[in-house]
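run39.tsv, holding TSV, C-alpha atoms:
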```
chain	number	residue	atom	x	y	z
A	157	MET	CA	0.00	0.00	0.00
A	158	GLN	CA	2.75	2.40	0.96
A	159	GLN	CA	4.72	1.40	-2.13
A	160	ASP	CA	1.74	2.09	-4.43
A	161	GLN	CA	1.28	5.50	-2.82
A	162	CYS	CA	4.93	6.34	-3.39
A	163	CYS	CA	4.63	5.43	-7.10
A	164	SER	CA	1.44	7.38	-7.80
A	165	PRO	CA	1.61	10.44	-10.11
A	166	ARG	CA	0.16	12.60	-7.35
A	167	PHE	CA	2.93	11.57	-4.96
A	168	LYS	CA	5.54	12.17	-7.66
A	169	LEU	CA	4.19	15.64	-8.32
A	170	LYS	CA	4.17	16.40	-4.63
A	171	MET	CA	7.76	15.28	-4.25
A	172	LEU	CA	8.70	17.14	-7.40
A	173	HIS	CA	7.35	20.41	-6.05
A	174	ARG	CA	9.26	19.87	-2.86
A	175	LYS	CA	12.44	19.28	-4.85
A	176	THR	CA	11.70	22.31	-7.00
A	177	TYR	CA	11.33	24.59	-4.03
A	178	HIS	CA	14.48	23.09	-2.54
A	179	VAL	CA	16.33	23.88	-5.75
A	180	LYS	CA	15.05	27.44	-5.62
A	181	ASP	CA	16.11	27.70	-2.00
A	182	LEU	CA	19.49	26.25	-2.89
A	183	GLN	CA	19.96	28.74	-5.70
A	184	GLY	CA	18.97	31.55	-3.39
A	185	GLU	CA	21.56	30.43	-0.83
A	186	ILE	CA	24.18	30.12	-3.54
A	187	GLU	CA	23.49	33.64	-4.74
A	188	ALA	CA	23.52	34.92	-1.16
A	189	HIS	CA	26.87	33.26	-0.48
A	190	THR	CA	28.52	34.34	-3.72
A	191	ASP	CA	30.11	37.40	-2.10
A	192	ILE	CA	31.30	35.32	0.85
A	193	TYR	CA	32.87	32.83	-1.56
A	194	HIS	CA	34.67	35.52	-3.52
A	195	ASN	CA	35.91	37.14	-0.27
A	196	LEU	CA	37.20	33.82	0.99
A	197	ASP	CA	38.91	33.13	-2.31
A	198	GLU	CA	40.52	36.57	-2.44
A	199	ASN	CA	41.67	36.43	1.19
A	200	GLY	CA	42.96	32.91	0.66
A	201	GLN	CA	44.98	34.03	-2.34
A	202	LYS	CA	46.49	36.90	-0.31
A	203	ILE	CA	47.40	34.56	2.55
A	204	LEU	CA	48.76	32.07	0.05
A	205	ARG	CA	51.12	34.66	-1.42
A	206	SER	CA	52.36	35.56	2.04
A	207	LEU	CA	53.05	31.89	2.87
A	208	GLU	CA	54.73	31.14	-0.44
A	209	GLY	CA	57.15	28.24	-0.21
A	210	SER	CA	55.96	26.97	3.18
A	211	ASP	CA	54.09	23.77	4.08
A	212	GLU	CA	51.16	25.88	5.23
A	213	ALA	CA	50.96	27.35	1.70
A	214	THR	CA	50.67	23.87	0.18
A	215	LEU	CA	47.91	22.90	2.63
A	216	LEU	CA	46.05	26.19	2.08
A	217	GLN	CA	46.35	25.82	-1.70
A	218	ARG	CA	44.82	22.34	-1.49
A	219	ARG	CA	41.93	23.66	0.61
A	220	LEU	CA	41.33	26.58	-1.74
A	221	ASP	CA	41.33	24.25	-4.78
A	222	ASN	CA	38.91	21.95	-3.02
A	223	MET	CA	36.62	24.87	-2.15
A	224	ASN	CA	36.72	26.19	-5.71
A	225	PHE	CA	35.92	22.75	-7.11
A	226	LYS	CA	32.96	22.21	-4.78
A	227	TRP	CA	31.64	25.70	-5.44
A	228	SER	CA	31.91	25.16	-9.20
A	229	GLU	CA	30.19	21.78	-8.99
A	230	LEU	CA	27.43	23.19	-6.81
A	231	ARG	CA	26.67	25.99	-9.25
A	232	LYS	CA	26.86	23.61	-12.20
A	233	LYS	CA	24.46	21.15	-10.58
A	234	SER	CA	22.06	23.91	-9.62
A	235	LEU	CA	22.02	25.29	-13.16
A	236	THR	CA	21.58	21.80	-14.63
A	237	ILE	CA	18.59	21.05	-12.40
A	238	ARG	CA	16.99	24.38	-13.21
A	239	SER	CA	17.62	23.92	-16.93
A	240	HIS	CA	16.11	20.44	-16.82
A	241	LEU	CA	13.00	21.67	-15.04
A	242	GLU	CA	12.54	24.55	-17.47
A	243	ALA	CA	13.03	22.20	-20.43
A	244	SER	CA	10.46	19.82	-18.98
A	245	SER	CA	7.99	22.65	-18.59
A	246	ASP	CA	8.56	23.67	-22.21
A	247	GLN	CA	8.05	20.09	-23.32
A	248	TRP	CA	4.81	19.89	-21.37
A	249	ARG	CA	3.55	23.04	-23.04
A	250	HIS	CA	4.60	21.67	-26.43
A	251	LEU	CA	2.70	18.42	-25.84
A	252	HIS	CA	-0.36	20.34	-24.70
A	253	LEU	CA	-0.39	22.39	-27.92
A	254	SER	CA	0.41	19.34	-30.08
A	255	LEU	CA	-2.59	17.48	-28.71
A	256	GLN	CA	-4.82	20.49	-29.35
A	257	GLU	CA	-3.62	20.64	-32.96
A	258	LEU	CA	-4.20	16.91	-33.44
A	259	LEU	CA	-7.77	17.19	-32.14
A	260	VAL	CA	-8.50	19.99	-34.60
A	261	TRP	CA	-6.92	17.98	-37.45
A	262	LEU	CA	-8.93	14.86	-36.57
A	263	GLN	CA	-12.19	16.83	-36.55
A	264	LEU	CA	-11.39	18.41	-39.92
A	265	LYS	CA	-10.59	15.00	-41.41
A	266	ASP	CA	-13.79	13.48	-40.09
A	267	ASP	CA	-15.78	16.34	-41.64
A	268	GLU	CA	-13.91	15.86	-44.90
A	269	LEU	CA	-14.71	12.15	-44.88
A	270	SER	CA	-18.40	12.81	-44.21
A	271	ARG	CA	-18.53	15.12	-47.23
A	272	GLN	CA	-17.46	12.25	-49.50
A	273	ALA	CA	-20.91	10.68	-49.07
A	274	PRO	CA	-23.22	9.60	-50.58
A	275	ILE	CA	-22.17	6.71	-52.81
A	276	SER	CA	-22.33	7.66	-56.48
A	277	GLY	CA	-24.79	5.83	-58.72
A	278	ASP	CA	-22.63	5.01	-61.73
A	279	PHE	CA	-19.36	3.18	-62.28
A	280	PRO	CA	-17.07	6.03	-63.45
A	281	ALA	CA	-18.21	8.27	-60.57
A	282	ILE	CA	-17.66	5.59	-57.92
A	283	GLN	CA	-14.21	4.95	-59.36
A	284	LYS	CA	-13.41	8.62	-58.80
A	285	GLN	CA	-14.77	8.41	-55.25
A	286	ASN	CA	-12.55	5.39	-54.67
A	287	ASP	CA	-9.47	7.31	-55.88
A	288	VAL	CA	-10.34	10.25	-53.60
A	289	HIS	CA	-10.78	8.04	-50.54
A	290	ARG	CA	-7.63	6.03	-51.18
A	291	ALA	CA	-5.70	9.30	-51.24
A	292	PHE	CA	-7.45	10.18	-47.96
A	293	ARG	CA	-6.35	6.87	-46.42
A	294	ARG	CA	-2.77	7.47	-47.54
A	295	GLU	CA	-2.92	10.80	-45.71
A	296	LEU	CA	-4.09	9.01	-42.55
A	297	LYS	CA	-1.26	6.51	-42.93
A	298	THR	CA	1.24	9.35	-43.19
A	299	LYS	CA	-0.18	11.04	-40.07
A	300	GLU	CA	-0.28	7.84	-38.00
A	301	PRO	CA	3.41	7.92	-36.85
A	302	VAL	CA	2.98	11.52	-35.64
A	303	ILE	CA	-0.12	10.65	-33.61
A	304	MET	CA	1.34	7.47	-32.15
A	305	SER	CA	4.60	9.22	-31.26
A	306	THR	CA	2.79	12.09	-29.55
A	307	LEU	CA	0.58	9.75	-27.53
A	308	GLU	CA	3.57	7.66	-26.49
A	309	THR	CA	5.51	10.77	-25.46
A	310	VAL	CA	2.57	11.95	-23.36
A	311	ARG	CA	2.27	8.52	-21.74
A	312	ILE	CA	5.95	8.48	-20.80
A	313	PHE	CA	5.81	12.06	-19.66
A	314	LEU	CA	2.88	11.46	-17.34
A	315	THR	CA	4.35	8.33	-15.78
A	316	GLU	CA	8.07	9.07	-15.70
A	317	GLN	CA	8.66	12.81	-15.99
A	318	PRO	CA	6.69	14.85	-13.47
A	319	LEU	CA	7.81	18.45	-13.67
A	320	GLU	CA	7.76	21.83	-12.02
A	321	GLY	CA	5.73	24.72	-13.28
A	322	LEU	CA	2.69	22.75	-14.54
A	323	GLU	CA	0.34	25.02	-12.65
A	324	LYS	CA	1.25	27.87	-14.99
A	325	LEU	CA	-0.39	26.09	-17.94
A	326	TYR	CA	-3.84	25.83	-16.43
A	327	GLN	CA	-5.97	28.89	-15.87
A	328	GLU	CA	-7.14	28.32	-12.32
A	329	PRO	CA	-7.59	30.87	-9.56
A	330	ARG	CA	-4.18	31.76	-8.25
A	331	ASP	CA	-5.22	31.05	-4.68
A	332	LEU	CA	-5.28	27.30	-5.45
A	333	PRO	CA	-2.27	25.40	-4.15
A	334	ALA	CA	0.45	24.85	-6.76
A	335	GLU	CA	0.12	21.08	-6.35
A	336	GLU	CA	-3.61	21.20	-7.17
A	337	ARG	CA	-3.01	23.37	-10.22
A	338	ALA	CA	-0.38	20.89	-11.41
A	339	GLN	CA	-2.80	18.01	-10.94
A	340	ASN	CA	-5.41	19.86	-13.00
A	341	VAL	CA	-2.89	20.24	-15.80
A	342	THR	CA	-2.07	16.54	-15.55
A	343	ARG	CA	-5.73	15.66	-15.87
A	344	LEU	CA	-6.09	18.03	-18.81
A	345	LEU	CA	-3.17	16.50	-20.67
A	346	ARG	CA	-4.35	12.96	-19.97
A	347	LYS	CA	-7.87	13.86	-21.10
A	348	GLN	CA	-6.56	15.39	-24.32
A	349	ALA	CA	-4.47	12.29	-25.02
A	350	GLU	CA	-7.49	10.04	-24.47
A	351	GLU	CA	-9.59	12.21	-26.79
A	352	VAL	CA	-6.94	12.07	-29.51
A	353	ASN	CA	-6.73	8.29	-29.20
A	354	THR	CA	-10.54	7.91	-29.28
A	355	GLU	CA	-11.02	10.27	-32.24
A	356	TRP	CA	-8.17	8.60	-34.13
A	357	GLU	CA	-9.77	5.16	-33.71
A	358	LYS	CA	-13.20	6.54	-34.69
A	359	LEU	CA	-11.77	8.18	-37.80
A	360	ASN	CA	-10.08	4.95	-38.89
A	361	LEU	CA	-13.27	2.96	-38.31
A	362	HIS	CA	-15.26	5.56	-40.25
A	363	SER	CA	-12.75	5.40	-43.10
A	364	ALA	CA	-12.71	1.58	-43.15
A	365	ASP	CA	-16.51	1.45	-43.20
A	366	TRP	CA	-16.66	3.98	-46.03
A	367	GLN	CA	-14.08	1.99	-48.03
A	368	ARG	CA	-16.14	-1.18	-47.51
A	369	LYS	CA	-19.22	0.58	-48.92
A	370	ILE	CA	-17.20	1.91	-51.86
A	371	ASP	CA	-15.78	-1.54	-52.62
A	372	GLU	CA	-19.24	-3.12	-52.51
A	373	ALA	CA	-20.71	-0.39	-54.70
A	374	LEU	CA	-17.81	-0.70	-57.14
A	375	GLU	CA	-18.42	-4.43	-57.46
A	376	ARG	CA	-22.20	-4.08	-57.89
A	377	LEU	CA	-22.01	-1.13	-60.29
A	378	GLN	CA	-19.36	-2.83	-62.38
A	379	GLU	CA	-21.56	-5.92	-62.58
A	380	LEU	CA	-24.52	-3.74	-63.60
A	381	GLN	CA	-22.43	-1.91	-66.20
A	382	GLU	CA	-21.18	-5.17	-67.71
A	383	ALA	CA	-24.70	-6.64	-67.75
A	384	MET	CA	-26.10	-3.53	-69.46
A	385	ASP	CA	-23.29	-3.54	-72.03
A	386	GLU	CA	-23.93	-7.21	-72.80
A	387	LEU	CA	-27.67	-6.68	-73.17
A	388	ASP	CA	-27.10	-3.59	-75.31
A	389	LEU	CA	-24.82	-5.56	-77.65
A	390	LYS	CA	-27.32	-8.39	-78.10
A	391	LEU	CA	-30.17	-5.96	-78.68
A	392	ARG	CA	-28.12	-4.10	-81.27
A	393	GLN	CA	-27.38	-7.34	-83.12
A	394	ALA	CA	-31.08	-8.20	-83.20
A	395	GLU	CA	-31.99	-4.63	-84.16
A	396	VAL	CA	-29.57	-4.79	-87.13
A	397	ILE	CA	-31.43	-7.85	-88.40
A	398	LYS	CA	-34.79	-6.14	-87.81
A	399	GLY	CA	-33.55	-3.09	-89.66
A	400	SER	CA	-32.76	-5.22	-92.71
A	401	TRP	CA	-36.35	-6.40	-93.09
A	402	GLN	CA	-38.15	-5.43	-96.29
A	403	PRO	CA	-41.79	-4.48	-96.15
A	404	VAL	CA	-43.91	-7.61	-96.47
A	405	GLY	CA	-45.70	-6.16	-99.48
A	406	ASP	CA	-42.39	-5.95	-101.38
A	407	LEU	CA	-41.48	-9.59	-100.87
A	408	LEU	CA	-41.74	-12.19	-103.62
A	409	ILE	CA	-44.51	-14.66	-102.98
A	410	ASP	CA	-42.12	-17.58	-103.35
A	411	SER	CA	-39.84	-16.15	-100.59
A	412	LEU	CA	-42.55	-15.68	-97.95
A	413	GLN	CA	-41.98	-19.06	-96.35
A	414	ASP	CA	-38.21	-18.48	-96.19
A	415	HIS	CA	-38.67	-15.07	-94.54
A	416	LEU	CA	-41.12	-16.58	-92.09
A	417	GLU	CA	-38.60	-19.23	-91.09
A	418	LYS	CA	-35.90	-16.60	-90.61
A	419	VAL	CA	-38.02	-14.37	-88.37
A	420	LYS	CA	-39.05	-17.40	-86.32
A	421	ALA	CA	-35.36	-18.24	-85.89
A	422	LEU	CA	-34.73	-14.67	-84.71
A	423	ARG	CA	-37.58	-14.99	-82.24
A	424	GLY	CA	-35.92	-18.09	-80.81
A	425	GLU	CA	-32.58	-16.26	-80.55
A	426	ILE	CA	-33.95	-13.27	-78.67
A	427	THR	CA	-36.07	-15.27	-76.24
A	428	PRO	CA	-33.09	-15.83	-73.84
A	429	LEU	CA	-32.64	-12.03	-73.74
A	430	LYS	CA	-35.52	-11.95	-71.27
A	431	GLU	CA	-33.11	-13.42	-68.69
A	432	ASN	CA	-30.60	-10.67	-69.46
A	433	VAL	CA	-33.29	-8.03	-69.01
A	434	ASN	CA	-34.42	-9.55	-65.70
A	435	HIS	CA	-30.80	-9.76	-64.51
A	436	VAL	CA	-30.16	-6.08	-65.26
A	437	ASN	CA	-33.34	-5.03	-63.47
A	438	ASP	CA	-32.53	-7.22	-60.45
A	439	LEU	CA	-29.05	-5.68	-60.13
A	440	ALA	CA	-30.59	-2.21	-60.23
A	441	ARG	CA	-33.05	-3.14	-57.48
A	442	GLN	CA	-30.25	-4.56	-55.31
A	443	LEU	CA	-28.34	-1.28	-55.55
A	444	THR	CA	-31.44	0.63	-54.52
A	445	THR	CA	-31.84	-1.72	-51.54
A	446	LEU	CA	-28.27	-0.87	-50.50
A	447	GLY	CA	-29.22	2.81	-50.45
A	448	ILE	CA	-27.38	3.62	-53.68
A	449	GLN	CA	-29.31	6.01	-55.89
A	450	LEU	CA	-28.61	5.23	-59.53
A	451	SER	CA	-27.38	8.13	-61.62
A	452	PRO	CA	-29.68	9.72	-64.24
A	453	TYR	CA	-27.48	8.14	-66.93
A	454	ASN	CA	-27.94	4.63	-65.52
A	455	LEU	CA	-31.68	5.15	-65.01
A	456	SER	CA	-32.00	6.39	-68.60
A	457	THR	CA	-29.97	3.45	-69.90
A	458	LEU	CA	-32.11	0.96	-67.97
A	459	GLU	CA	-35.30	2.51	-69.30
A	460	ASP	CA	-33.88	2.48	-72.84
A	461	LEU	CA	-32.87	-1.21	-72.63
A	462	ASN	CA	-36.28	-2.26	-71.32
A	463	THR	CA	-38.07	-0.21	-73.99
A	464	ARG	CA	-35.92	-1.60	-76.80
A	465	TRP	CA	-36.53	-5.14	-75.58
A	466	LYS	CA	-40.29	-4.63	-75.58
A	467	LEU	CA	-40.24	-2.97	-79.01
A	468	LEU	CA	-38.11	-5.78	-80.40
A	469	GLN	CA	-40.55	-8.39	-79.12
A	470	VAL	CA	-43.51	-6.50	-80.60
A	471	ALA	CA	-41.70	-6.05	-83.94
A	472	VAL	CA	-40.88	-9.76	-84.20
A	473	GLU	CA	-44.43	-10.85	-83.36
A	474	ASP	CA	-45.86	-8.33	-85.83
A	475	ARG	CA	-43.50	-9.60	-88.52
A	476	VAL	CA	-44.51	-13.20	-87.89
A	477	ARG	CA	-48.19	-12.25	-88.04
A	478	GLN	CA	-47.78	-10.25	-91.25
A	479	LEU	CA	-45.82	-13.04	-92.95
A	480	HIS	CA	-48.39	-15.60	-91.88
A	481	GLU	CA	-51.17	-13.46	-93.33
A	482	ALA	CA	-49.27	-12.84	-96.55
A	483	HIS	CA	-48.44	-16.50	-96.90
A	484	ARG	CA	-52.07	-17.37	-96.35
A	485	ASP	CA	-53.35	-14.80	-98.79
A	486	PHE	CA	-50.67	-15.05	-101.45
A	487	GLY	CA	-48.98	-18.38	-100.91
A	488	PRO	CA	-49.46	-21.63	-102.93
A	489	ALA	CA	-52.64	-22.55	-100.99
A	490	SER	CA	-54.30	-19.20	-101.68
A	491	GLN	CA	-56.69	-18.27	-104.54
A	492	HIS	CA	-54.89	-15.04	-105.31
A	493	PHE	CA	-53.33	-16.42	-108.50
A	494	LEU	CA	-56.82	-17.00	-109.96
A	495	SER	CA	-57.54	-13.28	-110.16
A	496	THR	CA	-55.20	-12.92	-113.12
A	497	SER	CA	-56.85	-15.67	-115.23
A	498	VAL	CA	-59.93	-13.67	-116.34
A	499	GLN	CA	-60.88	-10.09	-117.10
A	500	GLY	CA	-63.49	-8.17	-115.17
A	501	PRO	CA	-66.26	-8.11	-114.45
A	502	TRP	CA	-65.59	-11.84	-114.30
A	503	GLU	CA	-63.84	-13.37	-111.29
A	504	ARG	CA	-62.45	-16.82	-110.92
A	505	ALA	CA	-62.78	-18.78	-107.66
A	506	ILE	CA	-62.58	-22.33	-106.36
A	507	SER	CA	-65.19	-24.26	-104.52
A	508	PRO	CA	-64.63	-26.06	-101.19
A	509	ASN	CA	-64.24	-29.31	-103.10
A	510	LYS	CA	-61.44	-27.76	-105.18
A	511	VAL	CA	-63.55	-27.20	-108.30
A	512	PRO	CA	-62.86	-23.88	-110.06
A	513	TYR	CA	-65.69	-21.67	-111.28
A	514	TYR	CA	-66.33	-18.17	-112.64
A	515	ILE	CA	-68.35	-15.39	-111.10
A	516	LYS	CA	-69.80	-12.34	-112.88
```
In structure tokens, what does this structure look like?
Amino acid sequence: MQQDQCCSPRFKLKMLHRKTYHVKDLQGEIEAHTDIYHNLDENGQKILRSLEGSDEATLLQRRLDNMNFKWSELRKKSLTIRSHLEASSDQWRHLHLSLQELLVWLQLKDDELSRQAPISGDFPAIQKQNDVHRAFRRELKTKEPVIMSTLETVRIFLTEQPLEGLEKLYQEPRDLPAEERAQNVTRLLRKQAEEVNTEWEKLNLHSADWQRKIDEALERLQELQEAMDELDLKLRQAEVIKGSWQPVGDLLIDSLQDHLEKVKALRGEITPLKENVNHVNDLARQLTTLGIQLSPYNLSTLEDLNTRWKLLQVAVEDRVRQLHEAHRDFGPASQHFLSTSVQGPWERAISPNKVPYYIK
């Protein structure tokens, strides 16, 4: 129990203040005795000259040298202690300001990260967001050694380097005891260090979570882009064939059956495109579920693909119907060829039992 009390920061600060005041007292005594020292040294030198060559001179010289050495060492030690304490106080102030600057920097970076939201709704834009955030993460990586070093320095300072003059850094009423003001500064510094550590961890978690969302959006949007490109290509290929169709009325009667077979083959080829259309629409719905609002370009492209698919289906079915009707009306089983066998007002027809006859 007694050992723990002796090792506590409060006890160290208390002992430090005692040592500090002792050093001040010591310096005051040294300054007060400076004249006495110089008088002794001068008188000793006079006596030494008068005793030159005697044994007493040798003994006196030894004592004077010893006095001068001790005096010099005492002043040197006093100045060293004072210099150390002043340097420690400067270091404390530097750490205090460094932690304040880090807290401001962390808040600015968190605000900057928040402004990167929301997730973009098309692939090129999310790629740009990814580049921006990766540069942001590199900046965090560069700052990490500075933050870790500062926190470690504060930790060592609080546990191993108690110092004099801490009370001057904390604006407390001057009637508070110096020890209490120093403890307030200690608490302030420790609190700042804890805040820096907490905000640093929060910023890294925020950044990691944002990168996870970007990566997921990148993957989904790339998949959507590839699916739309594939569907667009297949629709274009079918639309090229559709664009090559001649009007049914311009077709030779003997080629009707061949054209009918070709359009039926095209209908069979485009039937699987329904799965592509459903896949594209499902991917778009998944992105919406994730809270990703598709860009106007992607929404327009989706609408265009769906519309083209429906129009292609309608065009194929209309073509099949028209060819069927033409084949029925003008094909080998029709009576259309009979109209050219007679002149009006006569008409030629065929009975249900296949017997031809004329009508006026």
*Could you pull the residues within 10 Å of Ser276 in chain A, counting only C-alpha atoms, minus those fewer than 6 positions along the same chain, as a PyMOL selection string?*
chain A and resi 282-285+370+373-374+377+448-451
*Return the single residue from A:Gln478, A:Asn224, A:Gln256, A:Gln272 that is closest to Glu350 in chain A, with distances computed using only C-alpha atoms.*
A:Gln256
*Could you state the separation of CA of Thr427 in chain A and CA of Leu458 in chain A in Å, given to one decimal place?*
18.6 Å
*Which neighbours of Lys358 in chain A fall inside 12 Å, counting all atoms listed in the file, when residues of the same chain fewer than 4 positions from it are skipped, and could you give them as a list in words?*
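The residues satisfying every condition are Leu262, Gln263, Lys265, Asp266, Leu269, Glu351, Val352, Asn353, Thr354, His362, Ser363, Ala364 and Asp365 of chain A.
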Enumerate, as a tab-separated table (two decimals) with C-alpha atoms, keeping the file's coordinate frame, the protein, DNA and RNA residues whose atoms approach (-37.4, -2.6, -82.3) to within 10 Å, taking into account all atoms listed in the file and the coordinate frame of the file.
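Once everything was written out, this is point24.tsv:
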```tsv
chain	number	residue	atom	x	y	z
A	391	LEU	CA	-30.17	-5.96	-78.68
A	392	ARG	CA	-28.12	-4.10	-81.27
A	394	ALA	CA	-31.08	-8.20	-83.20
A	395	GLU	CA	-31.99	-4.63	-84.16
A	396	VAL	CA	-29.57	-4.79	-87.13
A	398	LYS	CA	-34.79	-6.14	-87.81
A	399	GLY	CA	-33.55	-3.09	-89.66
A	463	THR	CA	-38.07	-0.21	-73.99
A	464	ARG	CA	-35.92	-1.60	-76.80
A	465	TRP	CA	-36.53	-5.14	-75.58
A	466	LYS	CA	-40.29	-4.63	-75.58
A	467	LEU	CA	-40.24	-2.97	-79.01
A	468	LEU	CA	-38.11	-5.78	-80.40
A	469	GLN	CA	-40.55	-8.39	-79.12
A	470	VAL	CA	-43.51	-6.50	-80.60
A	471	ALA	CA	-41.70	-6.05	-83.94
A	472	VAL	CA	-40.88	-9.76	-84.20
```
*Just how far from CA of Ala383 in chain A is CA of His435 in chain A, in Å to one decimal?*
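Between these atoms lies a distance of 7.6 Å.
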*For CA of Leu416 in chain A and CA of Arg475 in chain A, quote the distance in Å rounded to one decimal.*
8.2 Å
Output, as JSON, the centre and edge lengths in Å (one decimal) of the axis-aligned box that contains all listed atoms of range 280-286 of chain A with 5 Å of margin on each side.
```
{"center_x": -15.4, "center_y": 6.8, "center_z": -59.1, "size_x": 15.7, "size_y": 13.7, "size_z": 18.8}
```
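When all atoms listed in the file are used to compute distances to Gln367 in chain A, the closest of the residues A:Asn286, A:Ser411, A:Gln381, A:Asn432 turns out to be A:Asn286.
When all atoms listed in the file are used to compute distances to His480 in chain A, the closest of the residues A:Glu459, A:Glu300, A:Glu425, A:Glu417 turns out to be A:Glu417.
The shortest atom-to-atom distance to Glu386 in chain A, with only C-alpha atoms taken into account, belongs to A:Glu431 out of A:Ala349, A:Leu455, A:Glu431, A:Ile303.
Nearest-residue note for Gln413 in chain A: choosing from A:Asp278, A:Asp267, A:Glu481, A:Glu295, the minimum distance belongs to A:Glu481, counting all atoms listed in the file.
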*Which is closer to Leu380 in chain A than all the others in A:Leu264, A:Leu443, A:Ala281, A:Leu251, using only C-alpha atoms?*
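Ranking A:Leu264, A:Leu443, A:Ala281, A:Leu251 by distance to Leu380 in chain A, first place goes to A:Leu443.
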Just add all heavy atoms to range 465-470 of chain A and send it as a short mmCIF file (atom, residue, chain, number, x, y, z; two decimals), keeping the file's coordinate frame.
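Result file follows (result.cif):
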```
data_model
loop_
_atom_site.label_atom_id
_atom_site.label_comp_id
_atom_site.auth_asym_id
_atom_site.auth_seq_id
_atom_site.Cartn_x
_atom_site.Cartn_y
_atom_site.Cartn_z
N TRP A 465 -36.18 -3.72 -75.66
CA TRP A 465 -36.53 -5.14 -75.58
C TRP A 465 -38.01 -5.34 -75.89
O TRP A 465 -38.38 -6.25 -76.66
CB TRP A 465 -36.17 -5.66 -74.19
CG TRP A 465 -36.83 -6.97 -73.81
CD1 TRP A 465 -37.69 -7.17 -72.79
CD2 TRP A 465 -36.67 -8.22 -74.46
NE1 TRP A 465 -38.09 -8.48 -72.74
CE2 TRP A 465 -37.48 -9.16 -73.77
CE3 TRP A 465 -35.95 -8.66 -75.57
CZ2 TRP A 465 -37.58 -10.50 -74.12
CZ3 TRP A 465 -36.04 -10.00 -75.93
CH2 TRP A 465 -36.83 -10.91 -75.23
N LYS A 466 -38.86 -4.51 -75.32
CA LYS A 466 -40.29 -4.63 -75.58
C LYS A 466 -40.61 -4.35 -77.05
O LYS A 466 -41.42 -5.07 -77.68
CB LYS A 466 -41.06 -3.67 -74.68
CG LYS A 466 -41.01 -4.04 -73.21
CD LYS A 466 -41.68 -2.97 -72.35
CE LYS A 466 -41.57 -3.30 -70.87
NZ LYS A 466 -42.16 -2.24 -70.01
N LEU A 467 -40.00 -3.31 -77.61
CA LEU A 467 -40.24 -2.97 -79.01
C LEU A 467 -39.75 -4.07 -79.94
O LEU A 467 -40.39 -4.35 -80.97
CB LEU A 467 -39.54 -1.65 -79.36
CG LEU A 467 -40.12 -0.39 -78.70
CD1 LEU A 467 -39.27 0.83 -79.05
CD2 LEU A 467 -41.57 -0.17 -79.14
N LEU A 468 -38.63 -4.68 -79.58
CA LEU A 468 -38.11 -5.78 -80.40
C LEU A 468 -39.06 -6.96 -80.39
O LEU A 468 -39.33 -7.57 -81.44
CB LEU A 468 -36.72 -6.19 -79.90
CG LEU A 468 -36.01 -7.31 -80.69
CD1 LEU A 468 -35.76 -6.86 -82.12
CD2 LEU A 468 -34.69 -7.68 -80.00
N GLN A 469 -39.58 -7.29 -79.21
CA GLN A 469 -40.55 -8.39 -79.12
C GLN A 469 -41.79 -8.10 -79.97
O GLN A 469 -42.27 -8.96 -80.72
CB GLN A 469 -40.98 -8.59 -77.66
CG GLN A 469 -39.95 -9.25 -76.77
CD GLN A 469 -40.46 -9.38 -75.35
OE1 GLN A 469 -40.72 -8.38 -74.69
NE2 GLN A 469 -40.63 -10.61 -74.92
N VAL A 470 -42.31 -6.88 -79.84
CA VAL A 470 -43.51 -6.50 -80.60
C VAL A 470 -43.23 -6.56 -82.10
O VAL A 470 -44.06 -7.06 -82.89
CB VAL A 470 -43.96 -5.08 -80.20
CG1 VAL A 470 -45.06 -4.59 -81.15
CG2 VAL A 470 -44.46 -5.07 -78.77
#
```
